[in-house]
$ cat my_file_9.txt   # compact mmCIF, C-alpha atoms
# COMPACT_ATOMS: atom_id res chain seq x y z
CA MET I 124 -8.99 2.67 -3.26
CA GLN I 125 -11.64 2.89 -5.94
CA PRO I 126 -10.96 5.04 -9.01
CA CYS I 127 -13.20 8.08 -8.98
CA PRO I 128 -15.71 8.35 -11.83
CA LEU I 129 -15.30 10.98 -14.49
CA PRO I 130 -15.90 13.91 -14.61
CA ILE I 131 -15.21 14.19 -10.86
CA CYS I 132 -11.46 13.51 -11.25
CA THR I 133 -10.01 16.46 -13.09
CA SER I 134 -6.55 16.96 -11.58
CA GLY I 135 -5.14 13.42 -11.48
CA PHE I 136 -5.59 9.97 -10.00
CA GLY I 137 -3.90 7.77 -7.43
CA GLY I 138 -3.78 4.27 -6.09
CA VAL I 139 -1.74 1.61 -4.36
CA LEU I 140 0.67 -1.03 -5.65
CA TRP I 141 1.93 -4.23 -4.05
CA LEU I 142 5.00 -5.99 -5.44
CA GLU I 143 6.12 -9.37 -4.20
CA PRO I 144 9.88 -10.12 -4.04
CA GLY I 145 11.17 -10.39 -7.60
CA GLU I 146 8.14 -8.68 -9.17
CA TYR I 147 8.48 -5.50 -11.15
CA VAL I 148 6.53 -2.92 -13.09
CA SER I 149 7.91 -2.93 -16.62
CA GLU I 150 9.51 0.21 -18.00
CA HIS I 151 7.06 2.86 -19.22
CA TYR I 152 6.49 6.59 -19.26
CA HIS I 153 3.62 9.03 -18.87
CA PRO I 154 3.65 11.64 -21.68
CA HIS I 155 1.16 13.93 -19.91
CA SER I 156 1.62 13.27 -16.17
CA GLU I 157 4.21 13.38 -13.44
CA GLU I 158 4.03 10.56 -10.90
CA PHE I 159 4.49 10.95 -7.16
CA LEU I 160 5.54 7.64 -5.59
CA HIS I 161 5.77 6.81 -1.86
CA LEU I 162 7.09 3.50 -0.49
CA VAL I 163 5.06 2.60 2.58
CA ARG I 164 6.66 -0.79 3.34
CA GLY I 165 9.56 -2.82 1.97
CA THR I 166 12.46 -1.88 -0.28
CA GLY I 167 12.96 -1.57 -4.00
CA THR I 168 14.76 0.06 -6.88
CA LEU I 169 13.30 2.62 -9.24
CA TYR I 170 15.13 2.91 -12.54
CA LEU I 171 14.62 6.48 -13.75
CA ASP I 172 15.78 6.92 -17.36
CA GLY I 173 17.98 3.86 -16.72
CA GLU I 174 19.61 5.14 -13.52
CA PRO I 175 18.92 3.10 -10.33
CA ILE I 176 17.50 4.81 -7.25
CA GLU I 177 17.38 2.65 -4.11
CA LEU I 178 14.18 3.04 -2.07
CA ALA I 179 13.33 2.13 1.52
CA ALA I 180 10.12 2.43 3.53
CA GLY I 181 9.29 6.10 4.02
CA ASP I 182 10.99 7.29 0.81
CA SER I 183 9.08 9.41 -1.71
CA LEU I 184 10.02 10.73 -5.13
CA LEU I 185 8.59 12.47 -8.16
CA VAL I 186 8.93 10.97 -11.64
CA PRO I 187 8.91 13.86 -14.15
CA ILE I 188 6.60 13.93 -17.17
CA GLY I 189 8.06 11.80 -19.95
CA ALA I 190 10.72 10.09 -17.82
CA ARG I 191 11.08 6.35 -18.45
CA HIS I 192 10.75 4.41 -15.21
CA ARG I 193 10.76 0.79 -14.01
CA LEU I 194 10.03 -0.31 -10.45
CA VAL I 195 11.61 -3.51 -9.06
CA ASN I 196 11.10 -5.25 -5.72
CA ASP I 197 14.59 -6.62 -5.20
CA GLY I 198 13.99 -7.02 -1.45
CA ALA I 199 12.98 -10.04 0.63
CA GLU I 200 9.47 -8.85 1.58
CA GLN I 201 6.38 -7.50 -0.13
CA ALA I 202 6.69 -3.82 -1.11
CA HIS I 203 3.69 -1.51 -0.71
CA TYR I 204 3.58 1.75 -2.69
CA VAL I 205 1.14 4.65 -2.93
CA PHE I 206 1.16 6.70 -6.14
CA HIS I 207 -0.50 9.74 -7.68
CA LEU I 208 -0.34 10.94 -11.29
CA SER I 209 -1.16 14.49 -12.33
CA PRO I 210 -2.32 16.13 -14.55
CA LEU I 211 -4.56 13.66 -16.33
CA ALA I 212 -3.84 12.66 -19.92
CA PRO I 213 -6.41 13.89 -22.47
CA ARG I 214 -7.69 10.29 -22.73
CA PRO I 215 -6.88 7.25 -20.53
CA GLU I 216 -5.23 5.31 -23.37
CA LEU I 217 -2.74 8.19 -23.81
CA GLY I 218 -1.62 8.17 -20.18
CA HIS I 219 0.75 5.18 -20.10
CA VAL I 220 3.26 4.15 -22.79
CA ASP I 221 5.08 0.82 -22.35
CA THR I 222 8.72 0.70 -23.46
CA GLU I 223 9.19 -2.99 -22.62
CA GLU I 224 6.86 -5.96 -22.55
CA PRO I 225 5.46 -6.99 -19.14
CA PRO I 226 7.27 -9.98 -17.56
CA ALA I 227 4.41 -12.42 -18.26
CA PRO I 228 1.90 -10.67 -20.54
CA HIS I 229 -0.62 -13.53 -20.41
CA GLU I 230 -0.53 -13.84 -16.60
CA SER I 231 -1.91 -11.51 -13.94
CA GLN I 232 0.20 -8.42 -13.34
CA PRO I 233 1.17 -6.85 -9.99
CA VAL I 234 -1.80 -5.67 -7.92
CA VAL I 235 -2.52 -1.97 -8.45
CA GLY I 236 -5.39 -0.31 -6.57
CA GLY I 237 -8.42 -1.92 -4.96
CA ALA I 238 -8.89 -3.36 -1.49
CA ARG I 239 -6.40 -5.91 -0.27
$ encode --input "my_file_9.txt" --output "structure tokens"
Amino acid sequence: MQPCPLPICTSGFGGVLWLEPGEYVSEHYHPHSEEFLHLVRGTGTLYLDGEPIELAAGDSLLVPIGARHRLVNDGAEQAHYVFHLSPLAPRPELGHVDTEEPPAPHESQPVVGGAR
């Protein structure tokens, strides 16, 4: 999925995420957007404000605006997610606030978006 160019996207944006076993998305929050998350394949755990929520293929959930969340693939196979955030932050750099450092900040991070 290619990000749509501005000003076409006015209500939000979406994409896909693949996490290999043991990979995770470090804890963060979106001060202006809620995030809809759907697990297409695999299993995982979403920590929402520190509370674990077990996910299996076919599960969907909504992360409220401002809620801290961390996504972990604690399963044995690759996990494939689809996500959508809405509404857009006033500027892209205001849309995502990290609350912990990524697992390997100088290495490539989990694949988000784009063809696979």
$ residues_around --input "my_file_9.txt" --residues "Ala179 of chain I" --least-positions-apart "3" --cutoff "7 Å" --atoms "only C-alpha atoms" --output "PyMOL selection string"
chain I and resi 162+165-167+182
$ write_last_selection --input "my_file_9.txt" --atoms "C-alpha atoms" --output "PDB file, keeping the file's coordinate frame"
ATOM      1  CA  LEU I 162       7.090   3.500  -0.490  1.00  0.00           C
ATOM      2  CA  GLY I 165       9.560  -2.820   1.970  1.00  0.00           C
ATOM      3  CA  THR I 166      12.460  -1.880  -0.280  1.00  0.00           C
ATOM      4  CA  GLY I 167      12.960  -1.570  -4.000  1.00  0.00           C
ATOM      5  CA  ASP I 182      10.990   7.290   0.810  1.00  0.00           C
TER       6      ASP I 182
END
$ atom_distance --input "my_file_9.txt" --atom1 "atom CA of Pro226 of chain I" --atom2 "atom CA of Ile176 of chain I"
20.7 Å
$ atom_distance --input "my_file_9.txt" --atom1 "atom CA of Pro175 of chain I" --atom2 "atom CA of Gln201 of chain I"
19.3 Å
$ residues_around --input "my_file_9.txt" --residues "Pro144 of chain I" --least-positions-apart "4" --cutoff "7 Å" --atoms "all atoms listed in the file" --output "PyMOL selection string"
chain I and resi 196-201
$ closest_residue --input "my_file_9.txt" --among "I:Leu169, I:Ala202, I:Val195, I:Leu178" --to "Glu143 of chain I" --atoms "all atoms listed in the file"
I:Ala202
$ residues_around --input "my_file_9.txt" --residues "His153 of chain I" --least-positions-apart "6" --cutoff "9 Å" --atoms "only C-alpha atoms" --output "ChimeraX atom specification"
/I:187-191,208,212,217-220
$ atom_distance --input "my_file_9.txt" --atom1 "atom CA of His203 of chain I" --atom2 "atom CA of Pro154 of chain I"
24.8 Å
$ closest_atom_pairs --input "my_file_9.txt" --of "segment 170-219 of chain I" --to "segment 147-150 of chain I" --cutoff "6 Å" --atoms "only C-alpha atoms" --output "Markdown table"
| residue | atom | partner | partner_atom | distance |
| --- | --- | --- | --- | --- |
| I:His192 | CA | I:Glu150 | CA | 5.2 |
| I:Arg193 | CA | I:Glu150 | CA | 4.2 |
| I:Leu194 | CA | I:Val148 | CA | 5.1 |
| I:Val195 | CA | I:Tyr147 | CA | 4.3 |
$ closest_residue --input "my_file_9.txt" --among "I:His207, I:His151, I:His229, I:Arg164" --to "Gly137 of chain I" --atoms "all atoms listed in the file"
I:His207
$ axis_aligned_box --input "my_file_9.txt" --around "segment 170-185 of chain I" --padding-each-side "4 Å" --output "JSON"
{"center_x": 14.1, "center_y": 7.3, "center_z": -6.7, "size_x": 19.0, "size_y": 18.3, "size_z": 29.4}
$ residues_near_point --input "my_file_9.txt" --point "(-7.2, 11.6, -11.0)" --cutoff "7 Å" --atoms "all atoms listed in the file" --output "JSON, numbers by chain"
{"I": [132, 133, 134, 135, 136, 137, 208, 209, 211]}
$ decode --input "my_file_9.txt" --residues "segment 216-229 of chain I" --atoms "N, CA, C and O atoms" --output "short mmCIF file (atom, residue, chain, number, x, y, z; two decimals), in the first residue's frame"
data_model
loop_
_atom_site.label_atom_id
_atom_site.label_comp_id
_atom_site.auth_asym_id
_atom_site.auth_seq_id
_atom_site.Cartn_x
_atom_site.Cartn_y
_atom_site.Cartn_z
N GLU I 216 4.94 14.94 12.07
CA GLU I 216 5.85 14.74 13.21
C GLU I 216 5.12 14.80 14.55
O GLU I 216 5.67 14.43 15.59
N LEU I 217 3.85 15.22 14.56
CA LEU I 217 3.07 15.27 15.79
C LEU I 217 2.18 14.03 15.96
O LEU I 217 1.47 13.91 16.96
N GLY I 218 2.24 13.12 15.00
CA GLY I 218 1.30 12.00 15.01
C GLY I 218 1.71 10.79 15.82
O GLY I 218 0.88 9.95 16.13
N HIS I 219 3.00 10.67 16.18
CA HIS I 219 3.50 9.46 16.83
C HIS I 219 4.50 9.89 17.90
O HIS I 219 5.48 10.56 17.58
N VAL I 220 4.26 9.51 19.15
CA VAL I 220 5.15 9.87 20.24
C VAL I 220 5.67 8.59 20.88
O VAL I 220 4.89 7.81 21.45
N ASP I 221 6.98 8.34 20.77
CA ASP I 221 7.59 7.16 21.39
C ASP I 221 7.69 7.34 22.89
O ASP I 221 8.04 8.42 23.37
N THR I 222 7.40 6.26 23.63
CA THR I 222 7.56 6.27 25.08
C THR I 222 8.64 5.29 25.52
O THR I 222 8.93 5.19 26.71
N GLU I 223 9.19 4.55 24.57
CA GLU I 223 10.36 3.70 24.82
C GLU I 223 11.19 3.66 23.55
O GLU I 223 10.68 3.88 22.46
N GLU I 224 12.47 3.40 23.71
CA GLU I 224 13.36 3.33 22.55
C GLU I 224 13.08 2.06 21.76
O GLU I 224 12.82 1.01 22.35
N PRO I 225 13.16 2.14 20.41
CA PRO I 225 13.00 0.91 19.60
C PRO I 225 14.03 -0.13 20.02
O PRO I 225 15.09 0.21 20.56
N PRO I 226 13.76 -1.43 19.75
CA PRO I 226 14.64 -2.50 20.21
C PRO I 226 16.07 -2.40 19.69
O PRO I 226 17.00 -2.74 20.39
N ALA I 227 16.25 -1.95 18.47
CA ALA I 227 17.59 -1.80 17.88
C ALA I 227 17.56 -0.53 17.02
O ALA I 227 17.38 -0.61 15.81
N PRO I 228 17.71 0.65 17.64
CA PRO I 228 17.48 1.90 16.92
C PRO I 228 18.34 2.10 15.68
O PRO I 228 17.95 2.83 14.78
N HIS I 229 19.49 1.43 15.61
CA HIS I 229 20.37 1.62 14.45
C HIS I 229 20.20 0.53 13.40
O HIS I 229 20.89 0.52 12.40
#
